[in-house]
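Worksheet for the structure shown next.
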Amino acid sequence: MSQATSATGGGASYAAAGVDIEAGDRAVELMKEWVRKTQRPEVLGGLGGFAGLFDASALKRYERPLLASATDGVGTKVDIARRMGVYDTIGHDLVAMVMDDIVVCGAEPLFMTDYICVGKVHPERVAGIVKGIAEGCVLAGCALVGGETAEHPGLLGPDDFDVAGAGTGVVEADRLLGADRIRTGDVVIAMASSGLHSNGYSLVRHVLFDRAGMALEQQVDELGRTLGEELLEPTRIYSLDCLALTRTTDVHAFSHITGGGLAANLARVVPDHLHATVDRSTWAPGAIFDLVGTAGRVERLELEKTLNMGVGMMAVVPADSVDVALTTLADRNLDAWVAGEITERGDHSTGAALTGDYAS
């Protein structure tokens with residue numbers, strides 16, 4: 001008898017093929033409480049409709065509103081969550097990857113939707129993932145207006161899952177941040193990461209598990225906790241920090257340090273005729289970065305183009321705005337420092353580069 005045939009010997013059914021609609025309904029009920037916590041006044045209706053509704057009349061206060069959108073996932077970090085059986089933090093990573101891209105242009109995050117794909121619906125597990133997404137949305141100041149949970153038996157194992165999301169924000173046209181605002185003499189401010197964030201985990205997993213033979217439950221003295229706890233540390237969500245900075249200083253640009261590393265991401269917001277120089281000696285990357293480099297004998301340049309090296313977001317501000325910017329971020333309990341400057345391109349072949357050696 002095929003697996004898609006019911007136990008009673010009758011015809012095939014969706015449940016016998018591996019899709020449990022009742023479990024999906026149970027997951028929706030469990031997640032409703034968390035989704036409600038993210039609601040903004042502009043959100044209409046509740047969870048369960050075919051589409052999330054956002055009252056666009058709220059944008060009338062803008063002279064020329066520009067909508068900003070982004071979509072992303074969290075990569076192979078989901079494998080760490082699966083192996084540890086911890087599902088309520090990975091959503092923070094998802095919101096950070098999406099909403100911190102949106103805030104780079106100065107946009108206020110408005111709303112987000114998610115997509116969760118599983119091999120088998122475990123209602124409490126799915127609700128845990130959504131709980132993390134909802135908590136992340138609160139930290140980013142946006143609403144979670146809907147999403148989709150898809151069960152893919154036969155393609156994913158019963159415990160396998162992946163997450164993705166899409167978000168929308170808004171910025172006044174004359175407040176749009178980016179390369180055209182940056183000037184010679186501007187200062188680059190670095191904002192500390194909470195760890196690896198959600199990039200480079202294919203390298204990290206290969207190095208620490210395959211090459212070094214380490215285990216998630218292994219206590220690592222340099223980290224002050226287990227390896228699994230370090231690897232699952234949620235990504236810092238900078239959205240409200242960045243918006244606070246735009247209210248207190250004349251920010252010219254932000255750069256979200258994700259895949260590709262610090263120099264490559266900073267170069268994306270530097271105009272062609274200018275160059276950003278970042279001094280490594282202004283900070284010391286966390287112990288996890290040294291652990292990955294040492295365990296895998298990974299060269300520094302390879303680490304730097306894969307991992308954030310302790311910097312999750314950068315701001316480019318005029319020199320006379322530095323003190324206010326650092327005070328604003330310190331008041332928000334975010335470690336930040338002057339890391340570099342903007343100069344003429346000259347003989348530099350790239351838009352941004354790192355110089356010097358990291359502080360010890």
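For the structure tokens, the naming scheme is as follows: chains receive sequential letters (A, B, ...) according to their order of presentation, residues are indexed from 1 within each chain, and ligands are indexed from 1 in presentation order.
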(request) Check the DSSP output for the backbone and give back, as an NGL selection string, the residues of region 128-234 of chain A in strand (DSSP E). (result) :A and (143-151 or 161-172 or 187-192 or 219-220 or 225-226)
Using only C-alpha atoms, find each residue in region 203-257 of chain A having at least one atom no more than 12 Å away from region 297-303 of chain A; report its shortest atom-to-atom pair and that distance in Å (one decimal), rows by chain then rising number, as a Markdown table.
```
| residue | atom | partner | partner_atom | distance |
| --- | --- | --- | --- | --- |
| A:Leu203 | CA | A:Leu303 | CA | 9.2 |
| A:Val204 | CA | A:Leu303 | CA | 9.9 |
| A:His206 | CA | A:Val298 | CA | 11.4 |
| A:Val207 | CA | A:Arg297 | CA | 8.7 |
| A:Leu208 | CA | A:Arg297 | CA | 11.0 |
| A:Arg211 | CA | A:Arg297 | CA | 10.0 |
| A:Ala212 | CA | A:Arg297 | CA | 10.3 |
```
(message) Here is a test: counting only C-alpha atoms, which residue of A:Gly141, A:Gly260, A:Gly136, A:Gly169 is nearest to Asp101 (chain A)?
(response)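 Among the listed residues, A:Gly169 lies closest to Asp101 (chain A).
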(request) Name the closest residue to Gly346 (chain A) among the candidates A:Ala276, A:Met191, A:Val43, A:Leu66; distances are taken between atoms, counting only C-alpha atoms. (result)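 Among the listed residues, the smallest separation from Gly346 (chain A) belongs to A:Ala276.
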Long-range neighbours of Pro234 (chain A) as a compact mmCIF listing (two decimals) with N, CA, C and O atoms, in the first residue's frame, 9 Å cut-off, only C-alpha atoms, 4 positions minimum in chain:
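Wrote part-v3.txt, looks like this:
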```
# COMPACT_ATOMS: atom_id res chain seq x y z
N THR A 89 14.10 32.04 18.74
CA THR A 89 15.07 33.14 18.52
C THR A 89 15.34 33.38 17.04
O THR A 89 15.73 34.48 16.66
N ILE A 90 15.15 32.37 16.22
CA ILE A 90 15.50 32.48 14.80
C ILE A 90 14.67 33.57 14.11
O ILE A 90 15.12 34.18 13.13
N GLY A 91 13.48 33.86 14.66
CA GLY A 91 12.66 34.93 14.09
C GLY A 91 13.29 36.30 14.24
O GLY A 91 13.10 37.17 13.39
N HIS A 92 14.03 36.53 15.35
CA HIS A 92 14.75 37.79 15.50
C HIS A 92 15.71 37.98 14.33
O HIS A 92 15.85 39.09 13.80
N ASP A 93 16.39 36.91 13.97
CA ASP A 93 17.33 36.96 12.85
C ASP A 93 16.62 37.35 11.56
O ASP A 93 17.12 38.15 10.78
N ALA A 96 15.67 41.04 11.56
CA ALA A 96 16.88 41.85 11.41
C ALA A 96 17.36 41.87 9.96
O ALA A 96 17.72 42.93 9.43
N SER A 194 26.00 41.59 17.65
CA SER A 194 25.77 40.72 18.80
C SER A 194 26.49 39.39 18.64
O SER A 194 26.36 38.50 19.48
N GLY A 195 27.25 39.25 17.57
CA GLY A 195 27.96 38.02 17.27
C GLY A 195 28.02 37.80 15.78
O GLY A 195 28.17 38.75 15.01
N LEU A 196 27.87 36.56 15.36
CA LEU A 196 27.95 36.24 13.94
C LEU A 196 26.76 36.77 13.15
O LEU A 196 26.84 36.90 11.93
N HIS A 197 25.67 37.07 13.81
CA HIS A 197 24.41 37.46 13.18
C HIS A 197 23.89 36.32 12.33
O HIS A 197 23.77 35.19 12.82
N SER A 198 23.61 36.49 11.05
CA SER A 198 22.98 35.41 10.27
C SER A 198 23.65 35.21 8.92
O SER A 198 23.00 34.85 7.95
```
(message) Can you pull out the residues contacting Asp186 (chain A)? Cut-off 7 Å, using only C-alpha atoms, and skip same-chain residues under 6 positions away; I want them as a PyMOL selection string.
(response) chain A and resi 316-319+341-342
Could you write those residues out with N, CA, C and O atoms, as a PDB file, in the first residue's frame?
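Result written to result16.pdb:
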```
ATOM      1  N   VAL A 316      27.386  56.793   8.298  1.00  0.00           N
ATOM      2  CA  VAL A 316      28.287  57.826   7.790  1.00  0.00           C
ATOM      3  C   VAL A 316      27.659  59.171   8.134  1.00  0.00           C
ATOM      4  O   VAL A 316      26.532  59.461   7.715  1.00  0.00           O
ATOM      5  N   VAL A 317      28.380  59.962   8.917  1.00  0.00           N
ATOM      6  CA  VAL A 317      27.849  61.238   9.392  1.00  0.00           C
ATOM      7  C   VAL A 317      28.889  62.333   9.201  1.00  0.00           C
ATOM      8  O   VAL A 317      30.086  62.055   9.093  1.00  0.00           O
ATOM      9  N   PRO A 318      28.469  63.609   9.165  1.00  0.00           N
ATOM     10  CA  PRO A 318      29.434  64.704   9.120  1.00  0.00           C
ATOM     11  C   PRO A 318      30.285  64.711  10.381  1.00  0.00           C
ATOM     12  O   PRO A 318      29.835  64.265  11.451  1.00  0.00           O
ATOM     13  N   ALA A 319      31.490  65.236  10.284  1.00  0.00           N
ATOM     14  CA  ALA A 319      32.396  65.234  11.427  1.00  0.00           C
ATOM     15  C   ALA A 319      31.815  65.957  12.630  1.00  0.00           C
ATOM     16  O   ALA A 319      32.030  65.541  13.783  1.00  0.00           O
ATOM     17  N   GLU A 341      36.902  57.050   8.001  1.00  0.00           N
ATOM     18  CA  GLU A 341      36.613  58.346   7.385  1.00  0.00           C
ATOM     19  C   GLU A 341      36.410  58.198   5.891  1.00  0.00           C
ATOM     20  O   GLU A 341      36.754  57.174   5.283  1.00  0.00           O
ATOM     21  N   ILE A 342      35.852  59.257   5.310  1.00  0.00           N
ATOM     22  CA  ILE A 342      35.616  59.310   3.868  1.00  0.00           C
ATOM     23  C   ILE A 342      36.622  60.288   3.255  1.00  0.00           C
ATOM     24  O   ILE A 342      36.769  61.425   3.725  1.00  0.00           O
TER      25      ILE A 342
END
```
(request) Find the residue from A:Asn199, A:Ala244, A:Val145, A:Tyr238 that sits nearest to Lys305 (chain A); use only C-alpha atoms when measuring. (result)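 Of the candidates, the smallest distance to Lys305 (chain A) is held by A:Asn199.
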(message) One number please: CA of Val103 (chain A) to CA of Cys242 (chain A), in Å, one decimal.
(response)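 Computing it gives 7.0 Å between the two atoms.
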(request) Could you give me, as a list in words, the residues within 10 Å of Ser193 (chain A), counting only C-alpha atoms and dropping anything in the same chain fewer than 2 positions from it? (result)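 That gives Ala190, Met191, Gly195, Leu196, His197, Pro234, Thr235, Arg236, Ile237, Tyr238, Ile257, Pro285, Gly286, Asn308, Met309, Gly310, Val311, Gly312, Met313, Leu334, Asp335 and Ala336 of chain A.
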(request) Enter the distance from CA of Gly293 (chain A) to CA of Asp100 (chain A), in Å, rounded to one decimal. (result)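 Distance between the two atoms: 26.6 Å.
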(request) May I have the residues within 12 Å of Glu230 (chain A) as a ChimeraX atom specification, using only C-alpha atoms and disregarding those fewer than 2 positions away in the same chain? (result) /A:77,80-81,84,194-197,204,215-228,232-235,286-289,291
Convert the current residue selection to file output with N, CA and C atoms, as an mmCIF file, in the first residue's frame.
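Below is the file out.cif, written as the result:
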```
data_model
loop_
_atom_site.group_PDB
_atom_site.id
_atom_site.type_symbol
_atom_site.label_atom_id
_atom_site.label_comp_id
_atom_site.auth_asym_id
_atom_site.auth_seq_id
_atom_site.Cartn_x
_atom_site.Cartn_y
_atom_site.Cartn_z
ATOM 1 N N LYS A 77 21.738 29.066 9.378
ATOM 2 C CA LYS A 77 21.607 29.194 10.833
ATOM 3 C C LYS A 77 20.385 28.411 11.336
ATOM 4 N N ILE A 80 21.233 25.204 13.057
ATOM 5 C CA ILE A 80 21.634 25.270 14.461
ATOM 6 C C ILE A 80 20.393 25.236 15.353
ATOM 7 N N ALA A 81 19.372 26.016 14.984
ATOM 8 C CA ALA A 81 18.122 26.026 15.756
ATOM 9 C C ALA A 81 17.488 24.646 15.784
ATOM 10 N N MET A 84 19.474 22.236 18.014
ATOM 11 C CA MET A 84 19.372 22.565 19.436
ATOM 12 C C MET A 84 17.946 22.461 19.957
ATOM 13 N N SER A 194 26.003 41.591 17.649
ATOM 14 C CA SER A 194 25.769 40.717 18.799
ATOM 15 C C SER A 194 26.490 39.385 18.638
ATOM 16 N N GLY A 195 27.246 39.254 17.566
ATOM 17 C CA GLY A 195 27.959 38.015 17.272
ATOM 18 C C GLY A 195 28.018 37.803 15.781
ATOM 19 N N LEU A 196 27.866 36.565 15.359
ATOM 20 C CA LEU A 196 27.945 36.239 13.938
ATOM 21 C C LEU A 196 26.758 36.772 13.145
ATOM 22 N N HIS A 197 25.667 37.072 13.813
ATOM 23 C CA HIS A 197 24.410 37.462 13.184
ATOM 24 C C HIS A 197 23.889 36.316 12.327
ATOM 25 N N VAL A 204 31.082 28.668 8.852
ATOM 26 C CA VAL A 204 31.206 28.414 10.294
ATOM 27 C C VAL A 204 30.911 26.955 10.622
ATOM 28 N N ALA A 215 31.207 20.210 19.146
ATOM 29 C CA ALA A 215 29.800 19.858 19.358
ATOM 30 C C ALA A 215 29.054 21.064 19.900
ATOM 31 N N LEU A 216 27.765 21.151 19.587
ATOM 32 C CA LEU A 216 26.957 22.285 20.022
ATOM 33 C C LEU A 216 26.906 22.405 21.539
ATOM 34 N N GLU A 217 26.894 21.283 22.230
ATOM 35 C CA GLU A 217 26.788 21.315 23.697
ATOM 36 C C GLU A 217 28.142 21.540 24.377
ATOM 37 N N GLN A 218 29.195 21.657 23.585
ATOM 38 C CA GLN A 218 30.541 21.824 24.139
ATOM 39 C C GLN A 218 30.724 23.199 24.773
ATOM 40 N N GLN A 219 31.185 23.212 26.026
ATOM 41 C CA GLN A 219 31.485 24.473 26.708
ATOM 42 C C GLN A 219 32.793 25.026 26.157
ATOM 43 N N VAL A 220 32.786 26.283 25.742
ATOM 44 C CA VAL A 220 33.988 26.906 25.178
ATOM 45 C C VAL A 220 34.375 28.067 26.083
ATOM 46 N N ASP A 221 35.508 27.941 26.734
ATOM 47 C CA ASP A 221 35.921 28.919 27.743
ATOM 48 C C ASP A 221 36.024 30.326 27.162
ATOM 49 N N GLU A 222 36.576 30.437 25.948
ATOM 50 C CA GLU A 222 36.740 31.763 25.341
ATOM 51 C C GLU A 222 35.399 32.449 25.115
ATOM 52 N N LEU A 223 34.358 31.667 24.900
ATOM 53 C CA LEU A 223 33.027 32.215 24.643
ATOM 54 C C LEU A 223 32.247 32.446 25.927
ATOM 55 N N GLY A 224 32.614 31.734 26.991
ATOM 56 C CA GLY A 224 31.899 31.855 28.253
ATOM 57 C C GLY A 224 30.554 31.165 28.246
ATOM 58 N N ARG A 225 30.328 30.283 27.307
ATOM 59 C CA ARG A 225 29.085 29.524 27.193
ATOM 60 C C ARG A 225 29.297 28.398 26.213
ATOM 61 N N THR A 226 28.239 27.629 25.917
ATOM 62 C CA THR A 226 28.392 26.534 24.970
ATOM 63 C C THR A 226 28.487 27.083 23.543
ATOM 64 N N LEU A 227 29.039 26.259 22.681
ATOM 65 C CA LEU A 227 29.152 26.660 21.280
ATOM 66 C C LEU A 227 27.771 26.907 20.684
ATOM 67 N N GLY A 228 26.815 26.047 20.989
ATOM 68 C CA GLY A 228 25.464 26.202 20.450
ATOM 69 C C GLY A 228 24.824 27.504 20.871
ATOM 70 N N LEU A 232 23.689 30.474 18.225
ATOM 71 C CA LEU A 232 22.272 30.798 18.111
ATOM 72 C C LEU A 232 21.955 32.205 18.636
ATOM 73 N N GLU A 233 22.966 32.950 19.065
ATOM 74 C CA GLU A 233 22.747 34.315 19.545
ATOM 75 C C GLU A 233 21.990 35.118 18.474
ATOM 76 N N PRO A 234 20.854 35.732 18.820
ATOM 77 C CA PRO A 234 20.058 36.437 17.809
ATOM 78 C C PRO A 234 20.784 37.648 17.224
ATOM 79 N N THR A 235 20.480 37.931 15.989
ATOM 80 C CA THR A 235 21.010 39.099 15.305
ATOM 81 C C THR A 235 20.484 40.380 15.948
ATOM 82 N N GLY A 286 34.867 39.828 18.482
ATOM 83 C CA GLY A 286 34.576 38.890 19.548
ATOM 84 C C GLY A 286 35.308 37.569 19.386
ATOM 85 N N ALA A 287 35.310 36.771 20.441
ATOM 86 C CA ALA A 287 36.062 35.526 20.466
ATOM 87 C C ALA A 287 35.610 34.534 19.405
ATOM 88 N N ILE A 288 34.334 34.580 19.017
ATOM 89 C CA ILE A 288 33.840 33.615 18.027
ATOM 90 C C ILE A 288 34.536 33.775 16.684
ATOM 91 N N PHE A 289 34.904 34.996 16.343
ATOM 92 C CA PHE A 289 35.559 35.226 15.059
ATOM 93 C C PHE A 289 36.966 34.633 15.057
ATOM 94 N N LEU A 291 37.862 32.154 16.960
ATOM 95 C CA LEU A 291 37.686 30.705 17.010
ATOM 96 C C LEU A 291 37.497 30.132 15.612
#
```
(request) Would you list, as a ChimeraX atom specification, the residues of region 19-246 of chain A that end up in alpha helix (DSSP H) under DSSP run on this structure's backbone? (result) /A:21-36,77-84,90-102,123-140,201-205,227-231,239-246
(message) I want to know what sits within 7 Å of Val118 (chain A), based on only C-alpha atoms, with residues of the same chain fewer than 5 positions away left out; could you give that as a ChimeraX atom specification?
(response) /A:150-152,156,160-162
(message) Considering only C-alpha atoms, can you say which of A:Ile116, A:Val78, A:Val171, A:Ala140 comes closest to Val95 (chain A)?
(response)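 Closest to Val95 (chain A), using only C-alpha atoms: A:Ala140.
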Counting only C-alpha atoms, what are the residues of region 284-328 of chain A within 8 Å of region 246-249 of chain A, and for each of them which pair of atoms is the nearest and at what distance in Å, to one decimal? Sort the table by chain and rising number, as JSON lines.
```
{"residue": "A:Val317", "atom": "CA", "partner": "A:Thr249", "partner_atom": "CA", "distance": 7.7}
{"residue": "A:Ser321", "atom": "CA", "partner": "A:Thr249", "partner_atom": "CA", "distance": 5.9}
{"residue": "A:Val324", "atom": "CA", "partner": "A:Thr249", "partner_atom": "CA", "distance": 6.7}
{"residue": "A:Ala325", "atom": "CA", "partner": "A:Thr249", "partner_atom": "CA", "distance": 6.2}
{"residue": "A:Thr328", "atom": "CA", "partner": "A:Thr248", "partner_atom": "CA", "distance": 7.3}
```
Please dump the current selection as a PDB file, in the first residue's frame; keep all heavy atoms.
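Result went into again10.pdb, see below:
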```pdb
ATOM      1  N   VAL A 317      28.380  59.962   8.917  1.00  0.00           N
ATOM      2  CA  VAL A 317      27.849  61.238   9.392  1.00  0.00           C
ATOM      3  C   VAL A 317      28.889  62.333   9.201  1.00  0.00           C
ATOM      4  O   VAL A 317      30.086  62.055   9.093  1.00  0.00           O
ATOM      5  CB  VAL A 317      27.463  61.163  10.890  1.00  0.00           C
ATOM      6  CG1 VAL A 317      26.467  60.034  11.142  1.00  0.00           C
ATOM      7  CG2 VAL A 317      28.699  60.972  11.761  1.00  0.00           C
ATOM      8  N   SER A 321      28.865  65.956  13.637  1.00  0.00           N
ATOM      9  CA  SER A 321      27.724  65.223  14.212  1.00  0.00           C
ATOM     10  C   SER A 321      28.156  64.003  15.012  1.00  0.00           C
ATOM     11  O   SER A 321      27.308  63.307  15.584  1.00  0.00           O
ATOM     12  CB  SER A 321      26.772  64.774  13.099  1.00  0.00           C
ATOM     13  OG  SER A 321      26.171  65.865  12.452  1.00  0.00           O
ATOM     14  N   VAL A 324      27.206  63.814  18.969  1.00  0.00           N
ATOM     15  CA  VAL A 324      25.774  63.592  19.185  1.00  0.00           C
ATOM     16  C   VAL A 324      25.384  62.179  18.774  1.00  0.00           C
ATOM     17  O   VAL A 324      24.584  61.515  19.453  1.00  0.00           O
ATOM     18  CB  VAL A 324      24.941  64.630  18.417  1.00  0.00           C
ATOM     19  CG1 VAL A 324      23.452  64.313  18.537  1.00  0.00           C
ATOM     20  CG2 VAL A 324      25.221  66.030  18.936  1.00  0.00           C
ATOM     21  N   ALA A 325      25.944  61.703  17.668  1.00  0.00           N
ATOM     22  CA  ALA A 325      25.629  60.357  17.193  1.00  0.00           C
ATOM     23  C   ALA A 325      26.055  59.306  18.215  1.00  0.00           C
ATOM     24  O   ALA A 325      25.282  58.389  18.549  1.00  0.00           O
ATOM     25  CB  ALA A 325      26.307  60.098  15.857  1.00  0.00           C
ATOM     26  N   THR A 328      23.768  59.444  21.246  1.00  0.00           N
ATOM     27  CA  THR A 328      22.460  58.857  20.944  1.00  0.00           C
ATOM     28  C   THR A 328      22.506  57.340  21.041  1.00  0.00           C
ATOM     29  O   THR A 328      21.622  56.707  21.639  1.00  0.00           O
ATOM     30  CB  THR A 328      21.997  59.274  19.535  1.00  0.00           C
ATOM     31  OG1 THR A 328      21.845  60.691  19.487  1.00  0.00           O
ATOM     32  CG2 THR A 328      20.683  58.603  19.163  1.00  0.00           C
TER      33      THR A 328
END
```
(message) Could you tell me how far CA of Arg175 (chain A) sits from CA of Leu94 (chain A), in Å to one decimal place?
(response) 26.2 Å
